[in-house]
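Reading through the structure tokens given below for one structure.
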Number of protein chains: 2
Amino acid sequence: MLFDSEIDRAVRGGTPLTETVPWKALEAHSREIRDVHMRELFAADPDRSSRFSLEIEDLLFDYSKNRIDETTVRLLCELARASGVGEAAHAMYSGEKINCTEDRAVLHVALRNRANTPILVDGEDVMPGVNAVLRKMRGFSEAVRSGQWLGFTGRRITSVVNIGIGGSDLGPAMICEALTPYCDGPRVGFISNVDATDFVEKTRGLDPAEILFVVASKTFTTQETMTNAHTARRWLVDALGDEAAVARHFVALSTNREAVEAFGITPECAFDFWYWVGGRSSSWSAIGLTVALAVGFDRFVELLDGAHVVDRHFIGAPFEENIPVLMAMLGIWYRNFFGASTKAVLPYDQYLRRFPAYLQQSDMESNGKSTDRDGCRVGYATGPVIWGEPGTNGQHAFYQLIHQGTELVPCDFIGVINSHNPIGDHRQKLVANCFAQTEALMQGRTADEVETDLRAKGLDDEEIQELLPHKVFTGNRPTNTIVLDRVTPRSLGMLIALYEHQIFVQGVVWRVNSFDQWGVELGKVLAGRILGEEKKLLEGEEVDLSHHDSSTRALIKRFVTRQDPS
Amino acid sequence: MLFDSEIDRAVRGGTPLTETVPWKALEAHSREIRDVHMRELFAADPDRSSRFSLEIEDLLFDYSKNRIDETTVRLLCELARASGVGEAAHAMYSGEKINCTEDRAVLHVALRNRANTPILVDGEDVMPGVNAVLRKMRGFSEAVRSGQWLGFTGRRITSVVNIGIGGSDLGPAMICEALTPYCDGPRVGFISNVDATDFVEKTRGLDPAEILFVVASKTFTTQETMTNAHTARRWLVDALGDEAAVARHFVALSTNREAVEAFGITPECAFDFWYWVGGRSSSWSAIGLTVALAVGFDRFVELLDGAHVVDRHFIGAPFEENIPVLMAMLGIWYRNFFGASTKAVLPYDQYLRRFPAYLQQSDMESNGKSTDRDGCRVGYATGPVIWGEPGTNGQHAFYQLIHQGTELVPCDFIGVINSHNPIGDHRQKLVANCFAQTEALMQGRTADEVETDLRAKGLDDEEIQELLPHKVFTGNRPTNTIVLDRVTPRSLGMLIALYEHQIFVQGVVWRVNSFDQWGVELGKVLAGRILGEEKKLLEGEEVDLSHHDSSTRALIKRFVTRQDPS
């Protein structure tokens, strides 16, 4: 905890989470299990692997390499139940306004509600609206992909460039890269950073006459996105010589129709979504248009189908057999009872390279909070730092710390059995490494085993004495293993939805509102102020900077004096 | 700590780090400073910014937004002195075998020793060898870039594809991307993952007749690298129809001459380096050849020059004015006295996008250890998890947690004043965001400030009561700000070297050997075993898997039964 409770729960009432019966029981239980090595647990129970594995279709979730026994699972599920996870899930699915600080429903499940059962918000079924936008996305994406939709000069669209940031970038970018083998439409690129380099590098070599820019911003006011969109607009109009070209080369994904129209985008090219779609779970909405353009609408629907399968699993399966619930509660187990501050997500498939970066937003923006839904400061750790790089690359970078560092880093290994690029024994090696890491992290290597090994290599006593302690692995480091048969639109939809629900469950248990993001506001306000000051200073005006601390003041001055003359 | 000391310092002797006088003093001091808000520190000292800022050439290191006062700096420097940081640095610079578990010198400073002063290892000056390889790199890179070196069919080399992993990939890849504006040679790509997708995607559309593969592996046995190298070799020979083509299209960066020759690479194309070059600081050696091919040898030398400037600063400046020492000690301050488990590295320049991934290896593989140089289990936290994405992207992803999460995440902000792509006010916005984040993290926003703000917006008491706690920012979150005038070969060399020495200093204080990586071994061994088993099973042989735990066993079987028939 970083601070003392300013507003104490005592003032607002209720039992603190850490004083509840299931929490206390887990605390006591964690003290028992702390000294148990997973080696012993595996040795004691020949069925451990099947006992702690679950499947949905061809997706396997093996959570047997965790520091748990059946009691742990029972107690964790009790905590989930006592926290009202089931009720909260039903509230979400039925359109209740569970985003309490913004008084909004949270309905990414509606976006992929392939059963098409009515979901009411303020008494109105949202499904007709959802389906209408999906139909519009189908129509437009098929027109572009078939060449029926042409650019201003009559040329086909060969490149789609998505301009968005955060949820309007990370989801679609990750999905498009993951589904590269299915990308049979225009080539796609993503511009997000306000650094103009992002624009320059992503448009290098592209022909303006064949580009479609997809501007994704819920409010159509996001600074980065609109700066890039206006730069793109100027670039395009300069190249094609006519403002009217905008209507053939720009699409908007936004709820702000007026601003979209003012930009020069026609209603035909404006795709709506709704206030109940959160940025970090918006890939299922119109924000997914770039995905549909890349892989085709039918495959976009397969993505939705996959998510829907998981949605039904999550709402229907008992907690003890519920993959997202177990993922969530295992996370809480390490975060709150073992002090783990981070979780590593390690996809063993190059196409899933950006899955950890996607998940950073999805998880950390949702649960990186210190105020609970009652407005009280939490007295326990919430969302961990999510990080990772693809295997096997990470093995040659940071696995050293995961194996032998002083920090407990629970890991999710994501293995994929079949490759879209089967060459030689590459995939066998990749998968062998994935499984071997989970084995090594669990088993470790004892001093006795190291000694035997070193002796076999012919080292003498003194050498062994020196080297041995460095070659010991304590093991007992927890991992989940998620295995897909193959990265397909459907399996990817399942994977993403699993993590979405995991995050949801953790938010419920930690009592935070996972759906707001007030923590991004202050920086925005201060950046706006500094930008105004920079501009005035660069124009030679006097500006009073005394409201800034001396460091920020000095930094602003440094920027102004050292900037190249324009 | 994850485990009890198996081998206690009491057995081996010496004072535990946490019992030393400077450590104890810092512990006491940290209790005093814990409740001080940086707002107060800035208010109390109008000169705080200049007091806690340092420069090397045009690089600024502003560390004033840390939870420190002058006493903190004094005590941290005392700890560094008492830990023998100065002596250790001199030992490193003079070629002593400070990599104690492998009995090797650690001499990346020799690779960029532009002063060319002799550095002796085992009585022999390494500089003539260093200079000879640099000359060979110059000759070869200039031959390729000028078109004097031709492919097997007489065509110019237009693409260089680096095949390496870990230090043979992350450094060169990060540097090439950072120096994109200087890339005027052949186009460069990097293949690292053993997943064949990496090979397929990075060679897509390239013409084998115009490719140069740079195979970077110290031992020339790294599984991923050699698998990719052999796939590349087959692909090339298939395309060009002659084994002899290998000699014109493959280069090796390796110490294993025999294996290089067996691969078909001529001595002319084999670039040596030395056992005293560690993988994670090898970009300055022959491993930098891809960089030299991309940007030209003169710019590669500027990179070395930049690093050399920092090397002289590090060895010469008093600790209180020594940037890497202060970076290191501030890291220790938060890691060991504030319980911070991670550090975020946030470059505000899209070309530095992969700097955090590079730094993950550099830092976490060096100091993610639990055994000290005497073979004792450490009784304190060592290397943190390093993570980050470029600004402004991260702001829309994970900054929520940094601002309002329960975890203290010290951050390094890297700001760059001038862009290589100056368009409109993109850079002003980028820089304003960078500085504003450091201001917001430090200042925070109090309940009173939030209330004033909400009242001004017309909210009523009840609404304010509900929303207020969610909009409070505690602030007091520490950041360093490193500012470059521009990303150039020289400034990039400086930046990398600063972090290298930071990591070195921390390793010395934490008493770990930062130069070995025993923690990656076990996974390699087990992966080799599983690979053998997979292959046998796929060929229909019976294999005894009983030595595996039930989970690993089930995973192996799943892979074998669900793999596509080949």
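The chains in the structure tokens are called A, B, ... from first to last as shown; in each chain the residues are counted from 1, and the ligands are counted from 1 in the order shown.
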Write out as a list in words which residues come within 6 Å of region 109-117 of chain B when counting only C-alpha atoms, dropping same-chain ones fewer than 6 positions away.
-> Trp284, Leu304 and His308 of chain B
Convert the current residue selection to file output with N, CA, C and O atoms, as a PDB file, in the first residue's frame.
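Full text of again.pdb as output:
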```
ATOM      1  N   TRP B 284      28.315  -3.924 -29.197  1.00  0.00           N
ATOM      2  CA  TRP B 284      29.503  -3.120 -29.504  1.00  0.00           C
ATOM      3  C   TRP B 284      30.561  -3.943 -30.223  1.00  0.00           C
ATOM      4  O   TRP B 284      31.553  -3.383 -30.705  1.00  0.00           O
ATOM      5  N   LEU B 304      29.791   3.867 -30.728  1.00  0.00           N
ATOM      6  CA  LEU B 304      30.858   3.506 -29.791  1.00  0.00           C
ATOM      7  C   LEU B 304      31.364   4.754 -29.070  1.00  0.00           C
ATOM      8  O   LEU B 304      31.610   4.727 -27.852  1.00  0.00           O
ATOM      9  N   HIS B 308      31.590   5.464 -25.122  1.00  0.00           N
ATOM     10  CA  HIS B 308      32.885   5.760 -24.514  1.00  0.00           C
ATOM     11  C   HIS B 308      32.821   7.023 -23.656  1.00  0.00           C
ATOM     12  O   HIS B 308      33.448   7.089 -22.580  1.00  0.00           O
TER      13      HIS B 308
END
```
Using the chain letters and numbers from this document, which residues of region 67-131 of chain B does DSSP assign to alpha helix (DSSP H), as a ChimeraX atom specification?
-> /B:70-82,85-93,108-111,127-131
Just the residues within 12 Å of Pro208 (chain A), please, counting only C-alpha atoms, with nothing from its chain fewer than 6 positions along; format it as a ChimeraX atom specification.
-> /A:151-161,232-241,245-246,248-250
Output the selection as a PDB file, in the first residue's frame - C-alpha atoms for each residue.
```
ATOM      1  CA  GLY A 151     -10.754   5.344 -53.945  1.00  0.00           C
ATOM      2  CA  PHE A 152     -11.282   8.884 -55.150  1.00  0.00           C
ATOM      3  CA  THR A 153      -9.291   8.346 -58.321  1.00  0.00           C
ATOM      4  CA  GLY A 154     -11.035   5.085 -59.113  1.00  0.00           C
ATOM      5  CA  ARG A 155      -8.325   2.794 -57.761  1.00  0.00           C
ATOM      6  CA  ARG A 156      -8.906  -0.191 -55.486  1.00  0.00           C
ATOM      7  CA  ILE A 157      -8.052   0.032 -51.823  1.00  0.00           C
ATOM      8  CA  THR A 158      -4.875  -1.970 -51.224  1.00  0.00           C
ATOM      9  CA  SER A 159      -3.975  -0.623 -47.775  1.00  0.00           C
ATOM     10  CA  VAL A 160      -6.019   0.017 -44.672  1.00  0.00           C
ATOM     11  CA  VAL A 161      -4.396   2.178 -42.014  1.00  0.00           C
ATOM     12  CA  ALA A 232      -3.350  11.886 -42.672  1.00  0.00           C
ATOM     13  CA  ARG A 233      -6.102  14.079 -44.053  1.00  0.00           C
ATOM     14  CA  ARG A 234      -3.644  16.791 -45.133  1.00  0.00           C
ATOM     15  CA  TRP A 235      -1.320  14.211 -46.643  1.00  0.00           C
ATOM     16  CA  LEU A 236      -4.142  12.649 -48.607  1.00  0.00           C
ATOM     17  CA  VAL A 237      -5.692  15.896 -49.802  1.00  0.00           C
ATOM     18  CA  ASP A 238      -2.273  17.231 -50.796  1.00  0.00           C
ATOM     19  CA  ALA A 239      -1.619  14.087 -52.807  1.00  0.00           C
ATOM     20  CA  LEU A 240      -5.012  13.775 -54.452  1.00  0.00           C
ATOM     21  CA  GLY A 241      -5.583  17.489 -54.826  1.00  0.00           C
ATOM     22  CA  ALA A 245     -11.246  12.748 -51.655  1.00  0.00           C
ATOM     23  CA  VAL A 246     -11.703  12.507 -47.871  1.00  0.00           C
ATOM     24  CA  ARG A 248     -13.637   7.993 -50.243  1.00  0.00           C
ATOM     25  CA  HIS A 249     -10.573   7.445 -48.064  1.00  0.00           C
ATOM     26  CA  PHE A 250     -11.698   7.972 -44.494  1.00  0.00           C
TER      27      PHE A 250
END
```
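Distances here use only C-alpha atoms; by that measure, the residue among B:Ala317, B:Val472, B:Leu293, B:Val36 closest to Asp453 (chain B) is B:Val472.
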With a distance cut-off of 8 Å and only C-alpha atoms, select the neighbouring residues of Gly388 (chain A), excluding the residue or stretch itself and same-chain residues fewer than 6 positions from it, and output the selection as a PyMOL selection string.
-> chain A and resi 344-346+356-357+394
